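Enquirer: My structure is stored as protein-v6.pdb, with PDB, C-alpha atoms, pLDDT in the B column.
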```pdb
ATOM      1  CA  MET A  28     -12.750  13.764   8.146  1.00 54.00           C
ATOM      2  CA  THR A  29     -13.405  10.841  10.408  1.00 73.00           C
ATOM      3  CA  GLU A  30     -10.737   8.534  11.655  1.00 78.00           C
ATOM      4  CA  ALA A  31     -12.376   5.558   9.934  1.00 77.00           C
ATOM      5  CA  VAL A  32     -12.127   7.217   6.518  1.00 76.00           C
ATOM      6  CA  GLU A  33      -8.466   8.120   7.103  1.00 85.00           C
ATOM      7  CA  ASP A  34      -7.775   4.550   8.216  1.00 86.00           C
ATOM      8  CA  CYS A  35      -9.392   3.220   5.023  1.00 86.00           C
ATOM      9  CA  ARG A  36      -7.303   5.597   2.915  1.00 88.00           C
ATOM     10  CA  ARG A  37      -4.111   4.448   4.659  1.00 91.00           C
ATOM     11  CA  LYS A  38      -5.025   0.800   4.090  1.00 90.00           C
ATOM     12  CA  PHE A  39      -5.800   1.508   0.446  1.00 91.00           C
ATOM     13  CA  ALA A  40      -2.490   3.353   0.048  1.00 91.00           C
ATOM     14  CA  ASP A  41      -0.719   0.309   1.501  1.00 91.00           C
ATOM     15  CA  LEU A  42      -2.568  -1.911  -0.982  1.00 89.00           C
ATOM     16  CA  VAL A  43      -1.338   0.247  -3.856  1.00 90.00           C
ATOM     17  CA  LYS A  44       2.230   0.109  -2.472  1.00 91.00           C
ATOM     18  CA  LEU A  45       2.042  -3.691  -2.224  1.00 89.00           C
ATOM     19  CA  ASN A  46       1.031  -3.954  -5.865  1.00 86.00           C
ATOM     20  CA  GLY A  47       4.001  -1.786  -6.822  1.00 84.00           C
ATOM     21  CA  ILE A  48       6.577  -3.978  -5.050  1.00 85.00           C
ATOM     22  CA  SER A  49       6.944  -6.575  -7.809  1.00 82.00           C
ATOM     23  CA  SER A  50       6.924  -4.094 -10.687  1.00 83.00           C
ATOM     24  CA  LYS A  51       6.841  -0.319 -10.917  1.00 86.00           C
ATOM     25  CA  TYR A  52       4.699  -0.686 -14.065  1.00 88.00           C
ATOM     26  CA  ILE A  53       1.067  -1.405 -13.156  1.00 90.00           C
ATOM     27  CA  GLU A  54      -0.977  -2.883 -15.970  1.00 91.00           C
ATOM     28  CA  ARG A  55      -4.515  -1.793 -16.750  1.00 92.00           C
ATOM     29  CA  GLU A  56      -6.159  -4.921 -15.261  1.00 94.00           C
ATOM     30  CA  THR A  57      -4.223  -4.551 -12.016  1.00 92.00           C
ATOM     31  CA  GLU A  58      -5.079  -0.846 -11.848  1.00 93.00           C
ATOM     32  CA  ARG A  59      -8.755  -1.657 -12.278  1.00 95.00           C
ATOM     33  CA  ARG A  60      -8.609  -4.357  -9.595  1.00 94.00           C
ATOM     34  CA  ILE A  61      -6.891  -1.993  -7.150  1.00 92.00           C
ATOM     35  CA  LEU A  62      -9.523   0.695  -7.757  1.00 93.00           C
ATOM     36  CA  GLU A  63     -12.277  -1.867  -7.346  1.00 93.00           C
ATOM     37  CA  ASP A  64     -10.801  -2.933  -3.990  1.00 91.00           C
ATOM     38  CA  GLY A  65     -10.673   0.676  -2.875  1.00 90.00           C
ATOM     39  CA  VAL A  66     -14.311   1.243  -3.729  1.00 92.00           C
ATOM     40  CA  VAL A  67     -15.695  -2.079  -2.479  1.00 92.00           C
ATOM     41  CA  ARG A  68     -13.506  -2.886   0.537  1.00 88.00           C
ATOM     42  CA  CYS A  69     -12.593   0.558   1.795  1.00 86.00           C
ATOM     43  CA  GLY A  70     -15.795   2.354   0.876  1.00 87.00           C
ATOM     44  CA  LEU A  71     -13.990   5.120  -1.000  1.00 89.00           C
ATOM     45  CA  THR A  72     -15.536   6.869  -3.965  1.00 91.00           C
ATOM     46  CA  LEU A  73     -13.908   6.226  -7.325  1.00 92.00           C
ATOM     47  CA  GLU A  74     -12.420   9.744  -7.357  1.00 93.00           C
ATOM     48  CA  GLU A  75     -10.990   9.324  -3.832  1.00 92.00           C
ATOM     49  CA  ALA A  76      -9.479   5.958  -4.753  1.00 92.00           C
ATOM     50  CA  ARG A  77      -7.913   7.431  -7.906  1.00 93.00           C
ATOM     51  CA  GLY A  78      -6.534  10.360  -5.908  1.00 93.00           C
ATOM     52  CA  VAL A  79      -4.933   8.116  -3.295  1.00 92.00           C
ATOM     53  CA  MET A  80      -3.558   5.868  -6.034  1.00 92.00           C
ATOM     54  CA  ARG A  81      -2.004   8.816  -7.905  1.00 92.00           C
ATOM     55  CA  CYS A  82      -0.446  10.202  -4.710  1.00 93.00           C
ATOM     56  CA  VAL A  83       1.152   6.844  -3.923  1.00 93.00           C
ATOM     57  CA  ALA A  84       2.291   6.521  -7.545  1.00 91.00           C
ATOM     58  CA  ASP A  85       3.988   9.925  -7.386  1.00 91.00           C
ATOM     59  CA  ASP A  86       5.690   9.112  -4.081  1.00 91.00           C
ATOM     60  CA  TYR A  87       6.943   5.666  -5.136  1.00 90.00           C
ATOM     61  CA  ASP A  88       7.547   6.236  -8.878  1.00 88.00           C
ATOM     62  CA  LEU A  89       4.820   3.829  -9.958  1.00 91.00           C
ATOM     63  CA  VAL A  90       3.680   4.035 -13.566  1.00 91.00           C
ATOM     64  CA  PHE A  91       0.212   3.091 -14.792  1.00 92.00           C
ATOM     65  CA  GLU A  92      -0.367   1.526 -18.195  1.00 91.00           C
ATOM     66  CA  SER A  93      -3.421   3.714 -18.774  1.00 91.00           C
ATOM     67  CA  GLU A  94      -1.329   6.858 -18.297  1.00 92.00           C
ATOM     68  CA  THR A  95       1.483   5.700 -20.589  1.00 93.00           C
ATOM     69  CA  ASP A  96      -1.067   4.631 -23.222  1.00 93.00           C
ATOM     70  CA  ARG A  97      -2.583   8.097 -23.249  1.00 94.00           C
ATOM     71  CA  ARG A  98       0.818   9.763 -23.641  1.00 94.00           C
ATOM     72  CA  ILE A  99       2.038   7.323 -26.314  1.00 95.00           C
ATOM     73  CA  ARG A 100      -1.206   7.749 -28.259  1.00 95.00           C
ATOM     74  CA  GLN A 101      -0.497  11.490 -28.379  1.00 95.00           C
ATOM     75  CA  VAL A 102       3.042  10.879 -29.658  1.00 95.00           C
ATOM     76  CA  LEU A 103       1.876   8.388 -32.294  1.00 95.00           C
ATOM     77  CA  ASP A 104      -0.927  10.704 -33.387  1.00 94.00           C
ATOM     78  CA  LYS A 105       1.659  13.416 -34.002  1.00 94.00           C
ATOM     79  CA  HIS A 106       3.899  10.986 -35.939  1.00 93.00           C
ATOM     80  CA  ALA A 107       1.010   9.579 -38.004  1.00 93.00           C
ATOM     81  CA  GLY A 108      -0.036  12.957 -39.359  1.00 89.00           C
ATOM     82  CA  LYS A 109      -2.857  13.266 -41.867  1.00 91.00           C
ATOM     83  CA  LYS A 110      -2.008  10.062 -43.728  1.00 92.00           C
ATOM     84  CA  GLY A 111      -2.083   7.919 -40.598  1.00 93.00           C
ATOM     85  CA  LYS A 112       1.234   6.235 -41.338  1.00 94.00           C
ATOM     86  CA  ILE A 113       4.156   5.736 -38.966  1.00 94.00           C
ATOM     87  CA  GLY A 114       7.684   5.051 -40.153  1.00 94.00           C
ATOM     88  CA  LYS A 115      10.150   2.569 -38.691  1.00 94.00           C
ATOM     89  CA  LYS A 116      12.351   5.302 -37.222  1.00 94.00           C
ATOM     90  CA  GLN A 117       9.363   7.012 -35.569  1.00 95.00           C
ATOM     91  CA  PHE A 118       8.104   3.646 -34.313  1.00 95.00           C
ATOM     92  CA  ASN A 119      11.455   2.878 -32.678  1.00 95.00           C
ATOM     93  CA  GLN A 120      11.656   6.365 -31.171  1.00 96.00           C
ATOM     94  CA  THR A 121       8.183   5.931 -29.706  1.00 96.00           C
ATOM     95  CA  ALA A 122       9.153   2.538 -28.256  1.00 95.00           C
ATOM     96  CA  SER A 123      12.114   4.241 -26.600  1.00 95.00           C
ATOM     97  CA  ILE A 124       9.835   6.984 -25.253  1.00 95.00           C
ATOM     98  CA  LEU A 125       7.473   4.324 -23.846  1.00 95.00           C
ATOM     99  CA  ARG A 126      10.386   2.689 -22.021  1.00 94.00           C
ATOM    100  CA  ASP A 127      11.327   6.105 -20.604  1.00 93.00           C
ATOM    101  CA  PHE A 128       7.744   6.734 -19.471  1.00 90.00           C
ATOM    102  CA  SER A 129       7.692   3.334 -17.754  1.00 88.00           C
ATOM    103  CA  ASN A 130      11.064   3.954 -16.057  1.00 85.00           C
ATOM    104  CA  ASP A 131      12.552   1.051 -18.055  1.00 87.00           C
ATOM    105  CA  SER A 132      10.311  -1.435 -16.250  1.00 87.00           C
ATOM    106  CA  ILE A 133       9.239  -3.009 -19.550  1.00 90.00           C
ATOM    107  CA  SER A 134      11.549  -4.587 -22.107  1.00 91.00           C
ATOM    108  CA  GLU A 135      12.248  -3.235 -25.581  1.00 93.00           C
ATOM    109  CA  GLU A 136      10.303  -6.118 -27.149  1.00 94.00           C
ATOM    110  CA  GLU A 137       7.331  -5.544 -24.824  1.00 93.00           C
ATOM    111  CA  ALA A 138       7.379  -1.833 -25.706  1.00 94.00           C
ATOM    112  CA  ARG A 139       7.339  -2.662 -29.426  1.00 95.00           C
ATOM    113  CA  ARG A 140       4.369  -5.048 -28.969  1.00 95.00           C
ATOM    114  CA  HIS A 141       2.562  -2.412 -26.943  1.00 94.00           C
ATOM    115  CA  ILE A 142       3.110   0.254 -29.628  1.00 95.00           C
ATOM    116  CA  LYS A 143       1.903  -2.130 -32.331  1.00 95.00           C
ATOM    117  CA  ARG A 144      -1.270  -2.840 -30.338  1.00 94.00           C
ATOM    118  CA  ILE A 145      -1.932   0.896 -29.921  1.00 95.00           C
ATOM    119  CA  MET A 146      -1.367   1.451 -33.652  1.00 95.00           C
ATOM    120  CA  THR A 147      -3.789  -1.345 -34.528  1.00 94.00           C
ATOM    121  CA  ASP A 148      -6.429  -0.069 -32.088  1.00 94.00           C
ATOM    122  CA  ASN A 149      -6.250   3.432 -33.599  1.00 93.00           C
ATOM    123  CA  GLY A 150      -6.113   2.360 -37.248  1.00 93.00           C
ATOM    124  CA  TRP A 151      -2.609   3.702 -37.922  1.00 95.00           C
ATOM    125  CA  GLN A 152      -0.541   1.916 -40.557  1.00 94.00           C
ATOM    126  CA  PRO A 153       3.220   1.367 -40.871  1.00 94.00           C
ATOM    127  CA  LYS A 154       5.173   3.091 -43.641  1.00 91.00           C
ATOM    128  CA  ARG A 155       7.217   0.985 -45.967  1.00 88.00           C
ATOM    129  CA  ALA A 156      10.945   1.041 -45.245  1.00 83.00           C
ATOM    130  CA  GLY A 157      14.216  -0.359 -46.529  1.00 76.00           C
ATOM    131  CA  LEU A 158      16.083  -0.693 -49.807  1.00 80.00           C
ATOM    132  CA  ILE A 159      13.100  -2.483 -51.291  1.00 82.00           C
ATOM    133  CA  PRO A 160      10.321  -0.776 -49.337  1.00 83.00           C
ATOM    134  CA  THR A 161       8.292  -3.309 -47.336  1.00 85.00           C
ATOM    135  CA  LYS A 162       6.382  -3.469 -44.075  1.00 88.00           C
ATOM    136  CA  ARG A 163       8.370  -6.528 -42.951  1.00 89.00           C
ATOM    137  CA  TRP A 164       9.854  -4.644 -39.984  1.00 91.00           C
ATOM    138  CA  TYR A 165       6.316  -4.198 -38.644  1.00 92.00           C
ATOM    139  CA  ARG A 166       5.032  -7.702 -39.433  1.00 90.00           C
ATOM    140  CA  LYS A 167       7.986  -9.246 -37.538  1.00 91.00           C
ATOM    141  CA  ILE A 168       6.720  -7.788 -34.249  1.00 91.00           C
ATOM    142  CA  GLU A 169       4.673 -10.411 -32.428  1.00 86.00           C
ATOM    143  CA  THR A 170       1.495  -9.250 -30.761  1.00 77.00           C
TER
END
```
Write out the structure in this file as structure tokens.

Expert:
Amino acid sequence: MTEAVEDCRRKFADLVKLNGISSKYIERETERRILEDGVVRCGLTLEEARGVMRCVADDYDLVFESETDRRIRQVLDKHAGKKGKIGKKQFNQTASILRDFSNDSISEEEARRHIKRIMTDNGWQPKRAGLIPTKRWYRKIET
């Protein structure tokens, strides 16, 4: 490999590190912008930019929203089952799992909003809960 390519990779790695300073949780838009910078400014291929970004993420405990979304979708899919319904207890457990995946860099309320958005995007419905079964627990979550 040429020295110029290695220099570009180092600069791109530094760019990824800089974006991880303020928050260890990198949102999808930021991830896309970082990849775009790697491809446009540094002349890396998309696969090279992703590889460098993942290496830096592993070294500095950065978490990407796209990765957590994929994992949470798998958990919710398991909880939803054939009927496509998710109970309050399962919802709260999944919110806790999301916070674990993100190394507690997002709040409980943010995790709940995120889970609700994923449920809506995938067509999963909440189960009724409580003494008089309602979906109020789900409707109270702001999106």

Enquirer: Translate the PyMOL selection byres ((chain A and resi 85-97) around 6) into a concrete residue list for this structure, as a PyMOL selection string.

Expert: chain A and resi 51-55+82-84+98-100+129

Enquirer: Determine the residue set returned by the PyMOL selection byres ((chain A and resi 35) around 12) for the present structure, and present it as a PyMOL selection string.

Expert: chain A and resi 28-34+36-42+64-72+75-76+79

Enquirer: Could you list the residues chosen by the PyMOL selection byres ((chain A and resi 152) around 7) in this structure as a ChimeraX atom specification?

Expert: /A:111-113,146,150-151,153-154

Enquirer: Print the selection's residues with C-alpha atoms to a file, as a PDB file, in the coordinates of the input.

Expert:
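Below you can see part.pdb, which holds the result:
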```pdb
ATOM      1  CA  GLY A 111      -2.083   7.919 -40.598  1.00 93.00           C
ATOM      2  CA  LYS A 112       1.234   6.235 -41.338  1.00 94.00           C
ATOM      3  CA  ILE A 113       4.156   5.736 -38.966  1.00 94.00           C
ATOM      4  CA  MET A 146      -1.367   1.451 -33.652  1.00 95.00           C
ATOM      5  CA  GLY A 150      -6.113   2.360 -37.248  1.00 93.00           C
ATOM      6  CA  TRP A 151      -2.609   3.702 -37.922  1.00 95.00           C
ATOM      7  CA  PRO A 153       3.220   1.367 -40.871  1.00 94.00           C
ATOM      8  CA  LYS A 154       5.173   3.091 -43.641  1.00 91.00           C
TER       9      LYS A 154
END
```

Enquirer: Hey, can you check how far atom CA of A:Glu169 sits from atom CA of A:Thr121?

Expert: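 According to the coordinates, atom CA of A:Glu169 and atom CA of A:Thr121 are separated by 16.9 Å.
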
Enquirer: Between atom CA of A:Leu103 and atom CA of A:Ala122, what is the spacing in Å?

Expert: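 Result for atom CA of A:Ala122 versus atom CA of A:Leu103: 10.2 Å, one decimal.
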
Enquirer: Can you tell me how far atom CA of A:Ile124 sits from atom CA of A:Glu56, in Å to one decimal?

Expert: 22.3 Å

Enquirer: Smallest atom-to-atom distance to A:Ile142: which of A:Ser49, A:Asn119, A:Asn130, A:Thr57, using all atoms listed in the file?

Expert: A:Asn119

Enquirer: Skip A:Glu136 itself and residues of its chain fewer than 4 positions away, then list as JSON, numbers by chain all residues within 12 Å of it, counting only C-alpha atoms.

Expert: {"A": [119, 122, 123, 125, 126, 131, 132, 140, 141, 142, 143, 167, 168, 169, 170]}
